[in-house]
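Below is one structure, written out as structure tokens; comments come after it.
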Amino acid sequence: MKKIMELLEGLKYEVVTGDINSEVDKVIYDTRKVEDNSLFICIKGANFDSHDKIDEIIEKGAGCIVVSKDVEAPDYKGTIIKVDDTRLALSIISANYFGNPASRIKTIGVTGTKGKTTTTYLVKSMLENAGLKVGLIGTIEIITATKRIHSVNTTPESYVLQEYLAQMADEGLDAVVMEVSSQALMLNRVGGFTFDIGVFTNLESDHIGPNEHSSFEEYRDCKKLLFKRCKTGIFNVDDGNAEYMMNGATCQCIKYGIEKDGDYKASDIKYFREDKSLDASFKLNGEVSGDFTIDMPGKFSVYNALTAIAIAHEFGVSNENIQKALMSVKVKGRVERVDVKPGATFLIDYAHNAMALSSLLETLRIYNPERLICLFGCGGNRSKERRYEMGEVSGQMADLSIVTSDNPRFEEPEEIIEDILSTLVHTGGKFVKITDRKEAIKYAIEIAEAGDIVVLAGKGHEDYQEIKGVKYPMDERVVIHDLLEEMNING
């Protein structure tokens with residue numbers, strides 16, 4: 001049991017009624033889970049406001065209710081606390097409930113439009129090479145000392161996040177590296193503690209629309225919040241928004257880049273292909289000096305490496321352990337190489353919009369493939385603009401586009417494909433249409449020749465295909481494995 005007063009520590013509040021010296025058993029924010037003598041926090045969401053269920057919350061026995069609106073509860077015998085923002089209250093109360101675990105573990109938060117996922121895995125590997133025990137929270141999964149848990153959100157709700165931090169601290173982990181989304185910053189999921197290190201990778205227009213951000217400016221300002229909530233900030237100074245991010249930051253600022261001078265600067269970048277691998281090498285000067293190679297393709301991989309190196313240096317990781325991680329880390333669905341056919345390079349990547357696909361194909365062109373083959377589709381019940389744009393990008397940049405189904409959701413796959421082709425055909429690019437994604441992958445395997453680079457874009461780390469509201473198992477790695485057995489091809 002916890003005293004209400006202790007749970008409210010660090011929060012500005014007004015006692016509407018009741019006694020903050022009384023004790024509660026649990027902290028809850030879901031009306032379906034209210035328990036007797038729990039502290040319940042009312043949250044206003046996009047489609048539901050639990051302030052409207054105050055009678056039900058009282059009836060289920062909540063001993064304390066935290067609100068941000070005036071509520072009618074004349075006969076309620078418990079405690080009502082009023083705050084300005086119940087989402088912030090949830091993060092602070094959750095941190096207090098779990099004993100402020102961030103004070104017992106080093107926290108690293110990575111924000112930006114691209115590169116967050118790969119960077120977190122690189123950092124985890126570098127720190128572990130140096131003997132540290134490291135957890136991870138991100139788009140793909142949560143990794144504790146004992147578990148790997150499938151992620152629902154890039155950054156979990158604040159209560160869940162604090163629960164994971166507490167578990168990691170209790171397990172004796174030294175650090176946790178996490179992706180911090182703009183939504184998490186906007187909704188105060190990472191309130192209630194200060195990051196030891198905050199990182200800005202880059203910023204491009206994304207996540208603008210209903211139930212996300214109303215404008216690029218709002219999206220950018222939410223990202224910027226991280227740098228008033230960390231002790232040390234690490235910034236990609238080549239990004240046009242870096243100065244804006246650093247302006248007004250309350251943290252120590254460390255800079256890295258390729259084009260501009262910073263504390264870490266990469267130069268003499270070379271791209272090379274060995275067998276099926278696509279690598280990048282570079283010289284590093286500044287806080288860390290030396291020659292490094294990353295077993296991932298392109299300039300964006302050099303940026304990811306720089307980001308991770310700057311973080312690792314804060315922990316005193318040696319060049320040897322940094323290099324070991326750069327050559328060994330494989331991130332599911334992020335330019336992930338899969339052995340399929342001798343001489344041909346097959347990659348699985350999460351590129352699911354025009355911006356990401358263009359960046360990916362441009363990067364792969366550097367490696368002078370015999371043919372660049374792009375297999376992709378588009379998700380249903382999403383903006384049609386994405387389909388038109390992706391069709392145009394693949395038609396212009398790939399030697400062959402294999403247009404197929406992605407997650408059609410409640411739309412017909414054929415209709416989505418026709419939208420893609422409506423722009424692709426005008427590029428003059430070669431294409432084939434194969435609606436069934438497994439059949440499309442089979443075709444790609446059949447036609448691939450030595451020197452080709454084949455990218456399966458859009459699904460990435462996903463292990464399902466969503467059709468008519470049902471998620472059917474479909475992991476492209478498993479599909480490829482099964483097809484190779486059927487086709488009797490040795491990868």
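Naming scheme: A, B, ... for chains in displayed order of the structure tokens; residues 1 onward per chain; ligands 1 onward as shown.
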
Write down as a ChimeraX atom specification the residues belonging to segment 136-225 of chain A that are assigned strand (DSSP E) by DSSP computed on the backbone.
-> /A:136-137,141-143,148-150,175-179,195-200

If you run DSSP on this backbone, which residues of segment 206-447 of chain A come out as helix (DSSP H, G or I), and could you give them as a PyMOL selection string?
-> chain A and resi 216-228+242-246+298-314+319-328+354-365+384-397+413-427+437-447

Applying 8 Å and only C-alpha atoms, which residues near segment 364-368 of chain A remain after dropping the ones on its own chain fewer than 5 positions away? List them as a PDB file with N, CA and C atoms, in the first residue's frame.
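File written: out_29.pdb
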```
ATOM      1  N   TYR A 271      31.828   3.043 -49.687  1.00  0.00           N
ATOM      2  CA  TYR A 271      30.787   2.024 -49.730  1.00  0.00           C
ATOM      3  C   TYR A 271      31.310   0.841 -50.534  1.00  0.00           C
ATOM      4  N   PHE A 272      31.144  -0.357 -49.998  1.00  0.00           N
ATOM      5  CA  PHE A 272      31.654  -1.519 -50.724  1.00  0.00           C
ATOM      6  C   PHE A 272      30.789  -2.749 -50.464  1.00  0.00           C
ATOM      7  N   ARG A 273      30.855  -3.632 -51.435  1.00  0.00           N
ATOM      8  CA  ARG A 273      30.038  -4.843 -51.416  1.00  0.00           C
ATOM      9  C   ARG A 273      30.958  -6.049 -51.356  1.00  0.00           C
ATOM     10  N   LEU A 278      26.522  -5.462 -47.775  1.00  0.00           N
ATOM     11  CA  LEU A 278      26.647  -4.086 -48.241  1.00  0.00           C
ATOM     12  C   LEU A 278      27.142  -3.261 -47.060  1.00  0.00           C
ATOM     13  N   PRO A 297      24.250  -0.800 -45.116  1.00  0.00           N
ATOM     14  CA  PRO A 297      24.557   0.038 -46.278  1.00  0.00           C
ATOM     15  C   PRO A 297      24.264   1.524 -46.086  1.00  0.00           C
ATOM     16  N   GLY A 298      25.044   2.336 -46.803  1.00  0.00           N
ATOM     17  CA  GLY A 298      24.671   3.710 -47.041  1.00  0.00           C
ATOM     18  C   GLY A 298      25.053   4.731 -45.995  1.00  0.00           C
ATOM     19  N   ILE A 453      20.258  -6.793 -56.429  1.00  0.00           N
ATOM     20  CA  ILE A 453      19.821  -6.489 -55.065  1.00  0.00           C
ATOM     21  C   ILE A 453      18.296  -6.486 -55.085  1.00  0.00           C
TER      22      ILE A 453
END
```

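Counting only C-alpha atoms, Tyr443 of chain A has the following residues at most 9 Å away, ignoring those fewer than 4 positions along the same chain: Ile402, Ile434, Lys438, Glu439, Ile447 and Ala448 of chain A.
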
Quick one: write out the picked residues with C-alpha atoms as a short mmCIF file (atom, residue, chain, number, x, y, z; two decimals), in the first residue's frame?
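And here is the file that came out, out_35.cif:
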```cif
data_model
loop_
_atom_site.label_atom_id
_atom_site.label_comp_id
_atom_site.auth_asym_id
_atom_site.auth_seq_id
_atom_site.Cartn_x
_atom_site.Cartn_y
_atom_site.Cartn_z
CA ILE A 402 7.01 -6.16 -58.09
CA ILE A 434 1.33 -10.22 -58.25
CA LYS A 438 4.01 -15.09 -51.01
CA GLU A 439 3.73 -15.63 -54.76
CA ILE A 447 14.21 -14.22 -61.30
CA ALA A 448 17.04 -13.00 -59.03
#
```

What's the 10 Å shell around Ala130 of chain A, counting only C-alpha atoms, without same-chain residues fewer than 3 positions away, as a PyMOL selection string?
-> chain A and resi 125-127+133+312+315-318+320-322

Atoms kept (C-alpha atoms) for selection, written as a PDB file, in the first residue's frame:
```pdb
ATOM      1  CA  SER A 125      25.455  -4.104 -28.411  1.00  0.00           C
ATOM      2  CA  MET A 126      28.271  -1.592 -27.837  1.00  0.00           C
ATOM      3  CA  LEU A 127      27.498  -1.249 -24.133  1.00  0.00           C
ATOM      4  CA  LYS A 133      23.852  -5.172 -18.791  1.00  0.00           C
ATOM      5  CA  ALA A 312      28.895   4.674 -26.208  1.00  0.00           C
ATOM      6  CA  PHE A 315      30.029   5.168 -21.126  1.00  0.00           C
ATOM      7  CA  GLY A 316      33.737   4.805 -21.913  1.00  0.00           C
ATOM      8  CA  VAL A 317      33.338   2.017 -24.492  1.00  0.00           C
ATOM      9  CA  SER A 318      36.568   1.211 -26.371  1.00  0.00           C
ATOM     10  CA  GLU A 320      37.429  -2.284 -30.306  1.00  0.00           C
ATOM     11  CA  ASN A 321      34.073  -2.932 -28.658  1.00  0.00           C
ATOM     12  CA  ILE A 322      32.415  -0.260 -30.793  1.00  0.00           C
TER      13      ILE A 322
END
```

Ala457 of chain A surroundings by only C-alpha atoms, 10 Å radius, close-in-sequence under 2 positions cut, as a VMD selection string = chain A and resid 333 to 335 347 to 353 356 to 357 360 374 to 378 406 454 to 455 459 to 460

Restricting the output to N, CA and C atoms, write the selected residues as a PDB file, in the first residue's frame.
```pdb
ATOM      1  N   GLY A 333      14.142  -6.332 -39.826  1.00  0.00           N
ATOM      2  CA  GLY A 333      13.351  -5.473 -40.696  1.00  0.00           C
ATOM      3  C   GLY A 333      13.967  -4.135 -41.012  1.00  0.00           C
ATOM      4  N   ARG A 334      15.251  -3.951 -40.702  1.00  0.00           N
ATOM      5  CA  ARG A 334      15.938  -2.706 -41.038  1.00  0.00           C
ATOM      6  C   ARG A 334      17.134  -3.074 -41.912  1.00  0.00           C
ATOM      7  N   VAL A 335      16.997  -2.907 -43.228  1.00  0.00           N
ATOM      8  CA  VAL A 335      17.969  -3.405 -44.219  1.00  0.00           C
ATOM      9  C   VAL A 335      18.554  -4.747 -43.759  1.00  0.00           C
ATOM     10  N   LEU A 347      17.154  -8.185 -49.156  1.00  0.00           N
ATOM     11  CA  LEU A 347      16.995  -7.368 -47.961  1.00  0.00           C
ATOM     12  C   LEU A 347      15.520  -7.244 -47.601  1.00  0.00           C
ATOM     13  N   ILE A 348      15.246  -7.269 -46.304  1.00  0.00           N
ATOM     14  CA  ILE A 348      13.895  -6.994 -45.796  1.00  0.00           C
ATOM     15  C   ILE A 348      13.962  -5.658 -45.073  1.00  0.00           C
ATOM     16  N   ASP A 349      13.059  -4.735 -45.430  1.00  0.00           N
ATOM     17  CA  ASP A 349      13.106  -3.412 -44.817  1.00  0.00           C
ATOM     18  C   ASP A 349      11.686  -2.892 -44.571  1.00  0.00           C
ATOM     19  N   TYR A 350      11.601  -2.034 -43.552  1.00  0.00           N
ATOM     20  CA  TYR A 350      10.303  -1.517 -43.106  1.00  0.00           C
ATOM     21  C   TYR A 350       9.843  -0.308 -43.922  1.00  0.00           C
ATOM     22  N   ALA A 351      10.600   0.107 -44.938  1.00  0.00           N
ATOM     23  CA  ALA A 351      10.230   1.290 -45.723  1.00  0.00           C
ATOM     24  C   ALA A 351       8.795   1.164 -46.213  1.00  0.00           C
ATOM     25  N   HIS A 352       7.909   1.982 -45.654  1.00  0.00           N
ATOM     26  CA  HIS A 352       6.488   1.859 -45.983  1.00  0.00           C
ATOM     27  C   HIS A 352       5.864   3.189 -46.377  1.00  0.00           C
ATOM     28  N   ASN A 353       6.731   4.166 -46.692  1.00  0.00           N
ATOM     29  CA  ASN A 353       6.236   5.409 -47.285  1.00  0.00           C
ATOM     30  C   ASN A 353       7.265   5.870 -48.311  1.00  0.00           C
ATOM     31  N   ALA A 356      10.867   7.024 -47.032  1.00  0.00           N
ATOM     32  CA  ALA A 356      11.744   5.935 -46.612  1.00  0.00           C
ATOM     33  C   ALA A 356      12.165   5.083 -47.803  1.00  0.00           C
ATOM     34  N   LEU A 357      11.238   4.824 -48.723  1.00  0.00           N
ATOM     35  CA  LEU A 357      11.557   3.995 -49.880  1.00  0.00           C
ATOM     36  C   LEU A 357      12.569   4.690 -50.789  1.00  0.00           C
ATOM     37  N   LEU A 360      15.971   4.492 -49.219  1.00  0.00           N
ATOM     38  CA  LEU A 360      16.499   3.131 -49.291  1.00  0.00           C
ATOM     39  C   LEU A 360      17.016   2.811 -50.689  1.00  0.00           C
ATOM     40  N   CYS A 374      12.521  -4.036 -56.553  1.00  0.00           N
ATOM     41  CA  CYS A 374      11.779  -3.571 -55.375  1.00  0.00           C
ATOM     42  C   CYS A 374      10.401  -4.229 -55.331  1.00  0.00           C
ATOM     43  N   LEU A 375      10.182  -5.032 -54.299  1.00  0.00           N
ATOM     44  CA  LEU A 375       8.884  -5.666 -54.068  1.00  0.00           C
ATOM     45  C   LEU A 375       8.181  -4.881 -52.961  1.00  0.00           C
ATOM     46  N   PHE A 376       6.983  -4.395 -53.230  1.00  0.00           N
ATOM     47  CA  PHE A 376       6.296  -3.588 -52.216  1.00  0.00           C
ATOM     48  C   PHE A 376       4.789  -3.537 -52.480  1.00  0.00           C
ATOM     49  N   GLY A 377       4.064  -3.097 -51.459  1.00  0.00           N
ATOM     50  CA  GLY A 377       2.644  -2.795 -51.565  1.00  0.00           C
ATOM     51  C   GLY A 377       2.366  -1.601 -50.670  1.00  0.00           C
ATOM     52  N   CYS A 378       1.115  -1.337 -50.403  1.00  0.00           N
ATOM     53  CA  CYS A 378       0.743  -0.252 -49.489  1.00  0.00           C
ATOM     54  C   CYS A 378      -0.390  -0.711 -48.581  1.00  0.00           C
ATOM     55  N   ASP A 406       0.205  -5.567 -49.146  1.00  0.00           N
ATOM     56  CA  ASP A 406       0.878  -5.319 -47.869  1.00  0.00           C
ATOM     57  C   ASP A 406      -0.101  -5.722 -46.768  1.00  0.00           C
ATOM     58  N   VAL A 454      17.712  -7.299 -54.233  1.00  0.00           N
ATOM     59  CA  VAL A 454      16.260  -7.419 -54.141  1.00  0.00           C
ATOM     60  C   VAL A 454      15.825  -6.938 -52.767  1.00  0.00           C
ATOM     61  N   VAL A 455      14.938  -5.960 -52.719  1.00  0.00           N
ATOM     62  CA  VAL A 455      14.454  -5.468 -51.432  1.00  0.00           C
ATOM     63  C   VAL A 455      12.960  -5.739 -51.295  1.00  0.00           C
ATOM     64  N   LYS A 459       7.021  -4.435 -44.938  1.00  0.00           N
ATOM     65  CA  LYS A 459       6.633  -5.253 -43.786  1.00  0.00           C
ATOM     66  C   LYS A 459       7.679  -5.198 -42.668  1.00  0.00           C
ATOM     67  N   GLY A 460       8.943  -5.254 -43.053  1.00  0.00           N
ATOM     68  CA  GLY A 460      10.004  -5.132 -42.060  1.00  0.00           C
ATOM     69  C   GLY A 460       9.917  -6.169 -40.956  1.00  0.00           C
TER      70      GLY A 460
END
```

Å distance separating atom CA of Asp436 of chain A from atom CA of Thr363 of chain A, one decimal place |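 Distance reported for this atom pair: 27.5 Å.
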
Looking at only C-alpha atoms, which of A:Ser182, A:Asn304, A:Asn188, A:Thr146 is the one that sits closest to Glu218 of chain A?
-> A:Ser182

Any idea what the distance is between atom CA of Ile197 of chain A and atom CA of Ile254 of chain A?
-> 10.3 Å

Within 10 Å of Ile445 of chain A, counting only C-alpha atoms, which residues qualify if same-chain residues fewer than 2 places away don't, as an MDAnalysis selection string?
-> chainID A and resid 340:341 344 346 439:443 447:449 454 480 483:484 487 489

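Ranking A:Lys26, A:His481, A:Arg409, A:Lys114 by their shortest atom-to-atom distance to Glu466 of chain A, with only C-alpha atoms included, puts A:Arg409 first.
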
Selected residue, from A:Leu11, A:Val83, A:Leu39, A:Ile54, that lies nearest to Glu23 of chain A when counting only C-alpha atoms | A:Leu39

Å distance separating atom CA of Glu59 of chain A from atom CA of Met1 of chain A, one decimal place =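 Separation of atom CA of Glu59 of chain A and atom CA of Met1 of chain A: 20.8 Å.
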
Determine the nearest neighbour of Glu9 of chain A from the options A:Asn96, A:Ser22, A:Asn153, A:Ser68, counting only C-alpha atoms.
-> A:Asn96
